[in-house]
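Novice: You'll find model.cif just under this line, and it carries mmCIF, C-alpha atoms and all ligand atoms.
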data_start
#
loop_
_atom_site.label_atom_id
_atom_site.label_comp_id
_atom_site.auth_asym_id
_atom_site.auth_seq_id
_atom_site.Cartn_x
_atom_site.Cartn_y
_atom_site.Cartn_z
CA MET A 1 3.38 15.16 -20.57
CA SER A 2 1.65 15.98 -23.85
CA GLN A 3 0.69 12.40 -24.78
CA SER A 4 -2.56 10.75 -23.66
CA LEU A 5 -1.16 7.38 -22.56
CA VAL A 6 1.72 6.48 -20.27
CA ARG A 7 3.91 3.93 -22.07
CA VAL A 8 4.74 1.21 -19.55
CA GLY A 9 7.37 -1.51 -19.26
CA PHE A 10 6.51 -4.18 -16.68
CA VAL A 11 9.04 -6.20 -14.64
CA GLY A 12 7.87 -9.28 -12.72
CA CYS A 13 4.85 -11.17 -14.05
CA GLY A 14 4.24 -13.51 -11.10
CA TYR A 15 1.20 -14.18 -8.95
CA HIS A 16 0.27 -10.70 -7.76
CA ALA A 17 1.12 -8.98 -11.02
CA SER A 18 -0.99 -11.41 -13.07
CA LEU A 19 -3.92 -11.45 -10.65
CA ASN A 20 -4.19 -7.79 -9.69
CA ILE A 21 -1.82 -5.26 -11.25
CA LEU A 22 -1.62 -6.24 -14.93
CA PRO A 23 -5.45 -6.64 -15.16
CA SER A 24 -5.85 -3.15 -13.63
CA LEU A 25 -3.77 -1.44 -16.33
CA ARG A 26 -6.70 -1.47 -18.75
CA PHE A 27 -8.65 0.94 -16.55
CA ALA A 28 -5.85 3.52 -16.62
CA PRO A 29 -4.47 5.70 -19.42
CA ILE A 30 -1.67 3.20 -19.99
CA GLU A 31 -0.18 1.43 -22.99
CA LEU A 32 1.63 -1.77 -22.03
CA VAL A 33 4.69 -1.75 -24.28
CA ALA A 34 6.85 -4.58 -22.94
CA VAL A 35 7.01 -7.16 -20.17
CA CYS A 36 9.89 -9.00 -18.55
CA ASP A 37 10.25 -11.92 -16.13
CA LEU A 38 13.11 -14.26 -15.28
CA ASN A 39 10.61 -16.99 -16.06
CA ARG A 40 10.07 -16.66 -19.81
CA GLY A 41 6.77 -18.61 -19.69
CA ARG A 42 5.26 -16.09 -17.26
CA ALA A 43 6.36 -13.18 -19.43
CA GLU A 44 4.84 -14.84 -22.50
CA GLN A 45 1.58 -15.50 -20.72
CA ALA A 46 1.42 -11.90 -19.45
CA ALA A 47 2.15 -10.51 -22.92
CA ARG A 48 -0.61 -12.67 -24.40
CA ARG A 49 -3.22 -11.94 -21.72
CA PHE A 50 -2.56 -8.25 -21.27
CA GLY A 51 -1.57 -7.21 -24.76
CA ALA A 52 2.11 -6.30 -24.41
CA LYS A 53 3.75 -5.90 -27.79
CA GLU A 54 7.12 -7.25 -26.67
CA ILE A 55 8.88 -9.50 -24.21
CA VAL A 56 12.33 -8.36 -23.17
CA PRO A 57 14.88 -10.67 -21.52
CA THR A 58 16.01 -8.52 -18.57
CA ALA A 59 14.94 -5.49 -16.56
CA ASN A 60 18.06 -3.65 -17.79
CA ASP A 61 16.89 -4.03 -21.39
CA LEU A 62 13.61 -2.51 -20.38
CA VAL A 63 14.71 0.51 -18.33
CA SER A 64 17.02 1.78 -21.09
CA ARG A 65 14.32 1.85 -23.79
CA LYS A 66 13.36 5.19 -25.27
CA ASP A 67 9.75 4.21 -26.03
CA ILE A 68 8.87 3.71 -22.33
CA ASP A 69 7.84 6.46 -19.90
CA ALA A 70 7.31 4.39 -16.76
CA VAL A 71 8.40 1.09 -15.27
CA PHE A 72 6.23 -1.11 -13.06
CA VAL A 73 8.08 -3.55 -10.83
CA VAL A 74 6.26 -6.33 -8.97
CA GLY A 75 8.79 -8.82 -7.67
CA PRO A 76 10.94 -9.66 -4.68
CA PRO A 77 11.63 -6.54 -2.55
CA SER A 78 15.31 -6.19 -3.55
CA LEU A 79 14.23 -6.22 -7.21
CA HIS A 80 12.00 -3.24 -6.42
CA THR A 81 15.09 -1.35 -5.25
CA SER A 82 17.44 -2.19 -8.12
CA VAL A 83 14.85 -1.70 -10.87
CA ALA A 84 13.39 1.48 -9.36
CA ILE A 85 16.81 3.10 -8.98
CA SER A 86 18.05 2.20 -12.46
CA ALA A 87 14.73 3.19 -14.03
CA MET A 88 14.63 6.61 -12.33
CA ARG A 89 18.28 7.21 -13.28
CA ALA A 90 17.28 6.40 -16.88
CA GLY A 91 14.57 9.07 -16.66
CA LYS A 92 11.58 6.75 -16.14
CA HIS A 93 8.76 7.13 -13.64
CA VAL A 94 8.25 4.14 -11.35
CA PHE A 95 5.34 2.25 -9.83
CA MET A 96 6.64 -0.34 -7.40
CA GLU A 97 4.78 -2.87 -5.34
CA LYS A 98 5.18 -2.66 -1.60
CA PRO A 99 7.54 -2.95 0.17
CA SER A 100 9.80 -0.13 -0.95
CA GLY A 101 12.91 -2.28 -0.86
CA ASP A 102 13.86 -5.08 1.45
CA ASN A 103 14.89 -2.84 4.37
CA LEU A 104 15.25 0.75 5.54
CA VAL A 105 18.60 1.29 3.78
CA GLN A 106 17.06 0.31 0.44
CA ALA A 107 13.94 2.43 1.05
CA ARG A 108 16.21 5.44 1.67
CA GLN A 109 18.20 4.73 -1.50
CA ILE A 110 14.94 4.76 -3.46
CA GLN A 111 13.88 8.00 -1.73
CA GLN A 112 17.24 9.64 -2.46
CA THR A 113 17.09 8.65 -6.14
CA ALA A 114 13.52 9.94 -6.45
CA ARG A 115 14.62 13.28 -4.96
CA GLU A 116 17.71 13.56 -7.17
CA THR A 117 15.97 12.61 -10.41
CA GLY A 118 12.59 14.26 -9.77
CA ARG A 119 10.87 11.19 -11.21
CA ALA A 120 7.51 9.98 -9.90
CA CYS A 121 7.95 6.96 -7.62
CA MET A 122 4.74 5.46 -6.28
CA ILE A 123 4.56 2.62 -3.73
CA GLY A 124 1.67 0.17 -4.11
CA PHE A 125 -0.08 0.64 -0.76
CA MET A 126 -3.39 -0.09 -2.45
CA LYS A 127 -5.47 -0.08 0.74
CA ARG A 128 -5.49 3.74 0.56
CA PHE A 129 -7.55 3.34 -2.64
CA ALA A 130 -9.88 0.61 -1.37
CA ASP A 131 -13.56 1.51 -1.50
CA THR A 132 -14.42 1.48 2.21
CA TYR A 133 -11.11 3.03 3.31
CA SER A 134 -11.30 5.91 0.86
CA ARG A 135 -14.90 6.53 2.01
CA ALA A 136 -13.71 6.49 5.64
CA LYS A 137 -10.98 9.01 4.81
CA THR A 138 -13.53 11.33 3.19
CA LEU A 139 -15.86 11.00 6.18
CA MET A 140 -13.02 11.94 8.52
CA SER A 141 -12.57 15.24 6.69
CA GLU A 142 -16.15 16.31 7.40
CA THR A 143 -17.11 18.60 10.27
CA ALA A 144 -19.45 15.95 11.71
CA PHE A 145 -16.46 13.72 12.52
CA GLY A 146 -14.44 16.29 14.47
CA HIS A 147 -10.73 15.91 15.19
CA PRO A 148 -9.43 12.33 15.16
CA THR A 149 -8.62 11.23 18.69
CA HIS A 150 -7.83 7.49 18.49
CA ILE A 151 -7.41 4.65 16.01
CA PHE A 152 -7.42 0.91 16.43
CA GLY A 153 -6.11 -1.23 13.57
CA ARG A 154 -5.70 -4.99 13.40
CA TYR A 155 -4.17 -6.86 10.49
CA GLY A 156 -4.05 -10.57 11.21
CA HIS A 157 -2.98 -13.34 8.89
CA TRP A 158 -1.64 -16.84 8.58
CA ASN A 159 1.87 -17.96 9.54
CA MET A 160 4.83 -16.46 7.68
CA ASN A 161 8.25 -17.93 6.85
CA CYS A 162 10.06 -15.57 9.20
CA LEU A 163 9.74 -12.30 11.09
CA HIS A 164 11.24 -10.32 8.20
CA ASP A 165 8.63 -11.62 5.74
CA HIS A 166 5.84 -10.97 8.25
CA LEU A 167 6.94 -7.35 8.47
CA VAL A 168 7.85 -6.45 4.88
CA TYR A 169 5.05 -8.36 3.15
CA MET A 170 2.19 -7.91 5.61
CA SER A 171 2.66 -5.42 8.48
CA VAL A 172 3.62 -2.66 6.05
CA HIS A 173 -0.01 -2.53 4.91
CA LEU A 174 -1.31 -1.81 8.42
CA ILE A 175 1.46 0.66 9.27
CA ASP A 176 0.77 2.64 6.10
CA LEU A 177 -3.01 2.46 6.40
CA VAL A 178 -3.01 3.83 9.95
CA ARG A 179 -0.62 6.62 8.90
CA PHE A 180 -2.92 7.39 5.94
CA PHE A 181 -5.77 8.02 8.38
CA MET A 182 -3.90 9.64 11.27
CA GLY A 183 -0.80 11.31 9.84
CA ASP A 184 2.79 10.86 10.97
CA TYR A 185 3.71 8.70 13.92
CA ALA A 186 5.56 10.51 16.73
CA ARG A 187 6.19 7.75 19.28
CA LEU A 188 5.67 3.99 19.33
CA THR A 189 6.01 1.24 21.89
CA ALA A 190 5.43 -2.47 21.28
CA GLU A 191 4.70 -5.69 23.12
CA VAL A 192 5.76 -8.84 21.27
CA ASN A 193 4.49 -12.41 21.51
CA ILE A 194 6.61 -15.14 19.88
CA ARG A 195 5.21 -18.65 19.64
CA ASN A 196 6.47 -21.43 17.38
CA GLY A 197 8.47 -18.89 15.41
CA GLN A 198 5.40 -16.75 14.70
CA TYR A 199 5.03 -13.17 15.90
CA SER A 200 2.29 -10.91 17.19
CA PHE A 201 2.90 -7.21 17.84
CA ALA A 202 0.65 -5.03 19.95
CA ILE A 203 1.78 -1.48 19.27
CA SER A 204 0.80 1.73 21.04
CA ALA A 205 1.20 4.88 19.00
CA ARG A 206 1.13 8.63 19.47
CA PHE A 207 0.78 10.75 16.35
CA ASP A 208 2.13 14.21 15.57
CA SER A 209 -1.45 15.47 15.82
CA GLY A 210 -1.61 14.37 19.48
CA ALA A 211 -4.05 11.55 18.69
CA VAL A 212 -3.19 8.06 19.93
CA GLY A 213 -3.71 4.57 18.59
CA ASN A 214 -3.27 0.83 18.92
CA LEU A 215 -2.15 -1.50 16.15
CA VAL A 216 -2.12 -5.28 16.21
CA SER A 217 -0.10 -7.09 13.56
CA THR A 218 -0.17 -10.84 13.97
CA ALA A 219 0.90 -13.91 12.04
CA GLN A 220 -0.81 -16.12 14.64
CA GLN A 221 -4.29 -15.90 13.17
CA PRO A 222 -5.91 -18.56 10.97
CA ARG A 223 -7.43 -16.16 8.45
CA VAL A 224 -6.39 -12.92 6.80
CA GLN A 225 -8.72 -10.36 8.30
CA GLU A 226 -8.47 -6.76 9.30
CA ARG A 227 -10.39 -4.14 11.20
CA VAL A 228 -9.99 -0.41 11.65
CA GLU A 229 -11.84 1.77 14.17
CA ILE A 230 -11.27 5.51 13.86
CA THR A 231 -12.57 7.70 16.66
CA GLY A 232 -13.31 11.38 16.19
CA GLU A 233 -14.72 13.89 18.63
CA ARG A 234 -18.27 13.27 17.39
CA GLN A 235 -18.20 10.06 15.33
CA LEU A 236 -16.75 6.58 15.36
CA ILE A 237 -15.98 5.00 11.99
CA VAL A 238 -15.54 1.23 11.84
CA VAL A 239 -14.36 -0.67 8.77
CA ASP A 240 -14.52 -4.40 9.28
CA ASN A 241 -12.60 -6.60 6.86
CA LEU A 242 -13.09 -4.07 4.05
CA VAL A 243 -16.71 -5.08 3.47
CA ASN A 244 -18.57 -3.35 6.28
CA LEU A 245 -18.39 0.37 7.01
CA GLU A 246 -20.23 1.80 10.03
CA ILE A 247 -20.53 5.40 11.14
CA HIS A 248 -21.65 5.84 14.74
CA SER A 249 -22.79 9.36 15.53
CA SER A 250 -23.98 10.97 18.71
CA SER A 251 -25.73 14.28 18.66
CA CYS A 252 -25.62 14.92 22.41
CA ASN A 253 -23.76 13.78 25.51
CA GLY A 254 -25.27 12.13 28.57
CA LEU A 255 -25.09 8.73 30.18
CA ASP A 256 -28.85 8.11 30.11
CA ARG A 257 -29.36 8.90 26.45
CA ASN A 258 -30.95 6.19 24.33
CA ILE A 259 -28.95 5.49 21.21
CA GLU A 260 -31.23 5.77 18.20
CA LEU A 261 -30.81 3.34 15.34
CA SER A 262 -30.53 6.34 13.07
CA ASP A 263 -27.31 7.20 14.92
CA ILE A 264 -25.66 4.25 13.20
CA GLN A 265 -25.24 4.33 9.43
CA THR A 266 -23.80 1.44 7.49
CA TYR A 267 -22.41 0.98 4.01
CA ARG A 268 -21.95 -2.43 2.45
CA PRO A 269 -20.99 -2.90 -1.19
CA ASP A 270 -23.36 -4.83 -3.44
CA PHE A 271 -21.73 -8.06 -4.50
CA SER A 272 -24.85 -9.78 -5.77
CA ILE A 273 -24.66 -8.57 -9.33
CA PRO A 274 -21.65 -7.94 -11.59
CA ASN A 275 -20.73 -4.36 -10.94
CA LEU A 276 -17.53 -2.59 -11.87
CA ASN A 277 -17.18 -0.79 -8.54
CA GLN A 278 -17.42 -4.03 -6.61
CA ASN A 279 -14.99 -5.87 -8.82
CA ASN A 280 -12.07 -6.71 -6.54
CA LEU A 281 -9.64 -4.71 -8.67
CA TRP A 282 -11.66 -1.60 -7.82
CA PHE A 283 -12.94 -2.64 -4.45
CA GLN A 284 -9.54 -3.59 -3.00
CA GLY A 285 -7.83 -0.56 -4.49
CA TYR A 286 -5.67 -1.98 -7.29
CA ALA A 287 -7.41 -0.18 -10.15
CA GLY A 288 -7.48 3.05 -8.14
CA GLU A 289 -3.76 3.05 -7.43
CA VAL A 290 -2.83 2.34 -11.04
CA ILE A 291 -5.19 5.04 -12.35
CA HIS A 292 -3.81 7.52 -9.80
CA PHE A 293 -0.25 6.75 -10.90
CA ALA A 294 -0.95 7.13 -14.61
CA GLU A 295 -3.04 10.29 -14.23
CA SER A 296 -0.39 11.85 -11.98
CA VAL A 297 2.37 11.11 -14.48
CA LEU A 298 0.36 12.57 -17.36
CA ALA A 299 -0.44 15.69 -15.31
CA GLY A 300 3.14 16.12 -14.10
CA ARG A 301 2.08 15.64 -10.46
CA SER A 302 3.79 13.48 -7.83
CA PRO A 303 1.67 10.41 -7.04
CA VAL A 304 1.02 9.43 -3.42
CA PRO A 305 2.00 7.22 -1.63
CA ASN A 306 5.54 7.90 -2.74
CA ALA A 307 9.11 7.07 -1.74
CA ASP A 308 8.86 9.28 1.38
CA ASP A 309 5.86 7.24 2.50
CA GLY A 310 7.86 4.09 1.81
CA VAL A 311 10.63 5.29 4.14
CA ALA A 312 8.14 6.29 6.85
CA VAL A 313 6.81 2.73 6.88
CA MET A 314 10.22 1.05 6.68
CA ARG A 315 11.50 3.01 9.71
CA ILE A 316 8.85 1.25 11.77
CA VAL A 317 9.51 -2.11 10.14
CA ASP A 318 13.21 -1.68 10.96
CA TRP A 319 12.40 -0.93 14.60
CA LEU A 320 10.01 -3.90 14.93
CA GLU A 321 12.59 -6.21 13.40
CA HIS A 322 15.59 -5.08 15.45
CA ASP A 323 14.62 -3.21 18.60
CA PRO A 324 10.92 -3.43 19.50
CA THR A 325 11.53 -3.56 23.25
CA HIS A 326 12.63 0.10 23.25
CA PRO A 327 10.24 2.95 22.35
CA LEU A 328 10.69 4.52 18.92
CA GLU A 329 10.71 8.32 18.86
CA LEU A 330 10.23 9.76 15.39
CA PRO A 331 11.33 13.33 14.70
CA GLN A 332 8.82 15.23 12.59
CA VAL A 333 11.34 16.15 9.92
CA GLU A 334 13.71 13.36 9.07
CA GLU A 335 17.31 14.10 8.24
CA SER A 336 18.03 13.29 4.56
N1 LIG A 401 -0.50 -5.43 -2.55
C1 LIG A 401 -0.88 -6.69 -2.49
O1 LIG A 401 -2.04 -7.01 -2.26
C2 LIG A 401 0.12 -7.77 -2.77
C3 LIG A 401 -0.28 -9.12 -2.78
C4 LIG A 401 0.67 -10.08 -3.07
C5 LIG A 401 1.99 -9.72 -3.34
N2 LIG A 401 2.34 -8.41 -3.31
C6 LIG A 401 3.72 -7.98 -3.62
O2 LIG A 401 4.01 -8.35 -4.96
C7 LIG A 401 5.37 -8.73 -5.07
C8 LIG A 401 5.44 -10.06 -5.82
O3 LIG A 401 4.77 -11.06 -5.07
P1 LIG A 401 4.22 -12.37 -5.78
O4 LIG A 401 3.48 -13.12 -4.74
O5 LIG A 401 3.54 -12.05 -7.04
O6 LIG A 401 5.60 -13.13 -6.09
P2 LIG A 401 5.91 -14.09 -7.34
O7 LIG A 401 7.13 -14.85 -6.92
O8 LIG A 401 4.71 -14.85 -7.76
O9 LIG A 401 6.29 -13.06 -8.51
C9 LIG A 401 7.52 -12.42 -8.60
C10 LIG A 401 7.96 -12.52 -10.04
O10 LIG A 401 9.16 -11.75 -10.21
C11 LIG A 401 9.99 -12.46 -11.09
N3 LIG A 401 11.38 -12.01 -10.95
C12 LIG A 401 12.21 -12.21 -9.90
N4 LIG A 401 13.41 -11.65 -10.14
C13 LIG A 401 13.34 -11.07 -11.36
C14 LIG A 401 14.25 -10.34 -12.15
N5 LIG A 401 15.51 -10.09 -11.75
N6 LIG A 401 13.86 -9.90 -13.36
C15 LIG A 401 12.59 -10.15 -13.82
N7 LIG A 401 11.67 -10.85 -13.09
C16 LIG A 401 12.04 -11.30 -11.88
C17 LIG A 401 9.79 -13.91 -10.74
O11 LIG A 401 10.21 -14.79 -11.78
C18 LIG A 401 8.30 -13.96 -10.48
O12 LIG A 401 7.56 -14.29 -11.64
C19 LIG A 401 5.94 -8.78 -3.65
O13 LIG A 401 6.77 -7.67 -3.48
C20 LIG A 401 4.74 -8.68 -2.74
O14 LIG A 401 5.01 -7.87 -1.62
C21 LIG A 401 1.42 -7.43 -3.04
#
Would you kindly transcribe this structure into structure tokens?
Ligand SMILES: NC(=O)c1ccc[n+]([C@@H]2O[C@H](COP(=O)([O-])OP(=O)(O)OC[C@H]3O[C@@H](n4cnc5c(N)ncnc54)[C@H](O)[C@@H]3O)[C@@H](O)[C@H]2O)c1

Specialist:
Amino acid sequence: MSQSLVRVGFVGCGYHASLNILPSLRFAPIELVAVCDLNRGRAEQAARRFGAKEIVPTANDLVSRKDIDAVFVVGPPSLHTSVAISAMRAGKHVFMEKPSGDNLVQARQIQQTARETGRACMIGFMKRFADTYSRAKTLMSETAFGHPTHIFGRYGHWNMNCLHDHLVYMSVHLIDLVRFFMGDYARLTAEVNIRNGQYSFAISARFDSGAVGNLVSTAQQPRVQERVEITGERQLIVVDNLVNLEIHSSSCNGLDRNIELSDIQTYRPDFSIPNLNQNNLWFQGYAGEVIHFAESVLAGRSPVPNADDGVAVMRIVDWLEHDPTHPLELPQVEES
């Protein structure tokens, strides 16, 4: 693309859009052209706060406009599907919030449309861009870490309306984050606890790489907290609740060895003074994902995570929702 800014139309100006995504646009090479929401007041407020020149009545009005290169959609999951598909068919690139559709069928429709149209279609799994997680990913690529052997991931949160909401709004984050670190899942088994209509899943995973892992996704926890432990041949990386990163190293083997304090390195962001990098939009990954999308579009590259990543996650959501008592075997190359 020869221009310097991606011209964006924005659909869905609710809670998450107003708190995290619209405020992140200013960090990216983006011009916000028009906004749209079923609730006119929300669209007006978004236009005022984030400098959109126009408010349009419906998503259809927006996707057909010639002065827009990309459409953002941040709404109910089925809206992600309908807007993404019509926008890509109209030649627009798409940034959609997670989940990629309301179910596996919709995620595949999005994937198919992205393949047919060749448009960029990014899914908002922002944890990949979060400060501590992107540092952990970089550390994993260094020789000192060795090959990844095991991962533990827990994403626990308050009660949800139903199993479906638990999976498509919350578990998708953990499923994608673990795949980001470890690569494709090959085989999964799950144990399920149901109490007062709330679910906990304890999942065992094997990855294509041969590494193994355990994931816990629960809606039976009073607070939203998460933890990831990634084990390599020579290091253990722990990220606790996004704010604490530890690297445990061991330079030799032996049961009687004293662990030196210098074998444990920690990173904690500085929150005590206003600091762009520790602003939650950067720290939690929202600014990073939006910048990555815009820069990819301008450079003619495909942003990641994309519609294929959306399908990879929704296959596991579909299994957890409908058949978690049987193991899930995932072929390495999925039929299209
Ligand atoms: N990544 C994250 O951290 C994170 C956090 C919260 C929510 N989310 C995602 O963001 C999305 C929105 O969640 P929310 O909590 O902001 O919901 P919300 O209900 O506050 O916002 C959704 C907005 O979409 C609008 N809308 C619905 N149908 C529409 C249509 N046909 N045309 C135009 N506008 C329409 C609604 O009026 C509403 O303003 C969800 O998909 C959720 O998964 C992500």

Novice: Work out how far apart atom C4 of ligand LIG 401 (chain A) and CA of Asn20 (chain A) are and give it in Å to one decimal.

Specialist: 8.5 Å

Novice: Collect all residues with atoms no farther than 6 Å from ligand LIG 401 (chain A), counting all atoms listed in the file, and output them as a list in words.

Specialist: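 Written in the requested form, the residues are Val11, Gly12, Cys13, Gly14, Tyr15, His16, Ala17, Cys36, Asp37, Leu38, Asn39, Thr58, Ala59, Val74, Gly75, Pro76, Pro77, Glu97, Lys98, Pro99 and Tyr169 of chain A.
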
Novice: What lies within 8 Å of Thr113 (chain A) using all atoms listed in the file, ignoring chain neighbours under 2 positions off, as an MDAnalysis selection string?

Specialist: chainID A and resid 85 88:89 109:111 115:117

Novice: Can you pull out the residues contacting Val56 (chain A)? Cut-off 12 Å, using only C-alpha atoms, and skip same-chain residues under 3 positions away; I want them as a count of residues only.

Specialist: 24

Novice: Using all atoms listed in the file, which of the listed residues (A:Leu79, A:Ala130, A:Met96, A:Val313) sits closest to Gly183 (chain A)?

Specialist: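 Nearest to Gly183 (chain A): A:Val313.
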
Novice: Ser24 (chain A): which residues within 12 Å, counting only C-alpha atoms, same-chain residues fewer than 2 positions away excluded, as a ChimeraX atom specification?

Specialist: /A:16-22,26-32,50,126,276,279-294

Novice: Using only C-alpha atoms for the distances, tell me which of A:Glu233, A:Asp176, A:Asp69, A:Asp270 is nearest to Ser4 (chain A).

Specialist: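 Among the listed residues, the smallest separation from Ser4 (chain A) belongs to A:Asp69.
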
Novice: Report, in Å with one decimal, the straight-line distance from CA of Met314 (chain A) to CA of Val172 (chain A).

Specialist: 7.6 Å
